$ cat run.txt   # compact mmCIF, C-alpha atoms
# COMPACT_ATOMS: atom_id res chain seq x y z
CA MET A 47 9.63 -5.99 -3.90
CA GLY A 48 10.86 -9.35 -2.71
CA CYS A 49 8.70 -12.25 -3.83
CA ALA A 50 5.76 -10.02 -4.75
CA GLY A 51 6.34 -9.15 -8.38
CA ALA A 52 6.03 -10.41 -11.90
CA TRP A 53 8.01 -10.96 -15.04
CA THR A 54 6.52 -9.20 -18.01
CA LEU A 55 7.05 -10.67 -21.43
CA HIS A 56 5.63 -7.91 -23.56
CA PRO A 57 5.28 -4.13 -23.08
CA SER A 58 1.50 -4.47 -23.29
CA GLN A 59 1.60 -6.46 -20.03
CA VAL A 60 3.33 -3.77 -17.95
CA ALA A 61 0.16 -1.83 -17.10
CA ILE A 62 -1.62 -5.04 -16.11
CA ALA A 63 1.26 -6.12 -13.86
CA LYS A 64 1.37 -2.71 -12.19
CA ARG A 65 -2.36 -2.86 -11.49
CA VAL A 66 -2.23 -6.41 -10.13
CA PHE A 67 0.83 -6.03 -7.91
CA SER A 68 0.29 -2.48 -6.59
CA PRO A 69 -1.76 -1.94 -3.44
CA ASP A 70 -5.21 -0.43 -3.91
CA ILE A 71 -5.26 3.34 -3.37
CA ALA A 72 -8.14 3.22 -0.86
CA GLU A 73 -6.33 0.48 1.06
CA VAL A 74 -3.17 2.60 1.26
CA LYS A 75 -5.08 5.67 2.42
CA PHE A 76 -6.80 3.65 5.18
CA ALA A 77 -3.48 2.09 6.20
CA LEU A 78 -2.00 5.58 6.48
CA LYS A 79 -4.88 6.52 8.82
CA ILE A 80 -4.05 3.54 11.04
CA LEU A 81 -0.35 4.40 11.20
CA ALA A 82 -1.14 8.05 11.97
CA ALA A 83 -3.55 7.11 14.76
CA MET A 84 -1.10 4.63 16.35
CA PRO A 85 2.41 5.89 15.59
CA ASP A 86 4.15 3.33 17.79
CA GLY A 87 1.87 0.43 16.85
CA SER A 88 0.64 -0.20 20.38
CA GLY A 89 -2.81 -0.02 21.89
CA ALA A 90 -6.10 0.12 20.05
CA VAL A 91 -8.08 2.90 18.38
CA MET A 92 -11.41 3.31 16.65
CA ILE A 93 -11.20 4.44 13.02
CA ASP A 94 -14.35 4.86 10.96
CA GLY A 95 -16.28 2.86 13.55
CA LYS A 96 -13.92 -0.13 13.55
CA MET A 97 -11.36 -1.13 16.14
CA GLN A 98 -7.76 -1.18 14.96
CA ASP A 99 -5.06 -2.80 17.08
CA ASP A 100 -1.42 -3.86 16.85
CA ALA A 101 -2.26 -6.67 14.42
CA THR A 102 -3.98 -4.35 11.96
CA TRP A 103 -1.17 -1.83 12.49
CA LYS A 104 1.33 -4.46 11.30
CA GLN A 105 -0.79 -5.18 8.21
CA ALA A 106 -1.10 -1.44 7.54
CA LYS A 107 2.68 -1.06 7.81
CA VAL A 108 3.19 -3.77 5.17
CA VAL A 109 0.71 -2.06 2.82
CA VAL A 110 2.32 1.37 3.27
CA ASP A 111 5.84 -0.01 2.87
CA LEU A 112 4.83 -1.68 -0.41
CA ALA A 113 3.13 1.52 -1.55
CA LYS A 114 6.36 3.43 -0.86
CA ILE A 115 8.34 0.95 -2.97
CA VAL A 116 5.87 1.34 -5.83
CA ALA A 117 5.81 5.13 -5.40
CA ALA A 118 9.61 5.31 -5.60
CA LYS A 119 9.43 3.81 -9.09
CA ASP A 120 6.20 5.38 -10.35
CA ARG A 121 5.55 9.11 -9.99
CA GLU A 122 1.83 8.81 -10.79
CA MET A 123 1.31 6.22 -8.05
CA LYS A 124 3.30 8.35 -5.62
CA GLU A 125 0.85 11.19 -6.15
CA ARG A 126 -2.18 8.90 -5.94
CA TYR A 127 -0.95 7.20 -2.75
CA GLY A 128 0.09 10.42 -1.09
CA VAL A 129 3.32 8.94 0.27

$ encode --input "run.txt" --output "structure tokens"
Amino acid sequence: MGCAGAWTLHPSQVAIAKRVFSPDIAEVKFALKILAAMPDGSGAVMIDGKMQDDATWKQAKVVVDLAKIVAAKDREMKERYGV
């Protein structure tokens, strides 16, 4: 995960670290909507009444990529993210 991660010192801290460093499920689902609406990342679209453009596409891509990294290591999060 690059620089976004944490050392855990005790097993009781693992769940907390996962929660803190994993993207929010609603955020991932919205990011997936953006990527689906603009597959190549160009142009602008309206999603849920808000304009999304190439800048928000790039942010959505980062969120989804991080979610995929988390999902590859955590089956429960994979199911919750839908990736």

$ residues_around --input "run.txt" --residues "stretch 82-96 of chain A" --least-positions-apart "5" --cutoff "12 Å" --atoms "only C-alpha atoms" --output "ChimeraX atom specification"
/A:75-77,101-107,110

$ residues_near_point --input "run.txt" --point "(-1.9, 8.7, -1.3)" --cutoff "10 Å" --atoms "all atoms listed in the file" --output "list in words"
Ile71, Ala72, Glu73, Val74, Lys75, Phe76, Leu78, Val110, Ala113, Lys114, Ala117, Met123, Lys124, Glu125, Arg126, Tyr127, Gly128 and Val129 of chain A

$ atom_distance --input "run.txt" --atom1 "atom CA of A:Ala118" --atom2 "atom CA of A:Pro69"
13.7 Å

$ closest_residue --input "run.txt" --among "A:Val116, A:Arg121, A:Asp100, A:Lys64" --to "A:Leu81" --atoms "only C-alpha atoms"
A:Asp100

$ atom_distance --input "run.txt" --atom1 "atom CA of A:Glu122" --atom2 "atom CA of A:Ser58"
18.2 Å

$ atom_distance --input "run.txt" --atom1 "atom CA of A:Ile62" --atom2 "atom CA of A:Ile80"
28.6 Å

$ closest_residue --input "run.txt" --among "A:Ala61, A:Met97, A:Ser68, A:His56" --to "A:Leu112" --atoms "all atoms listed in the file"
A:Ser68
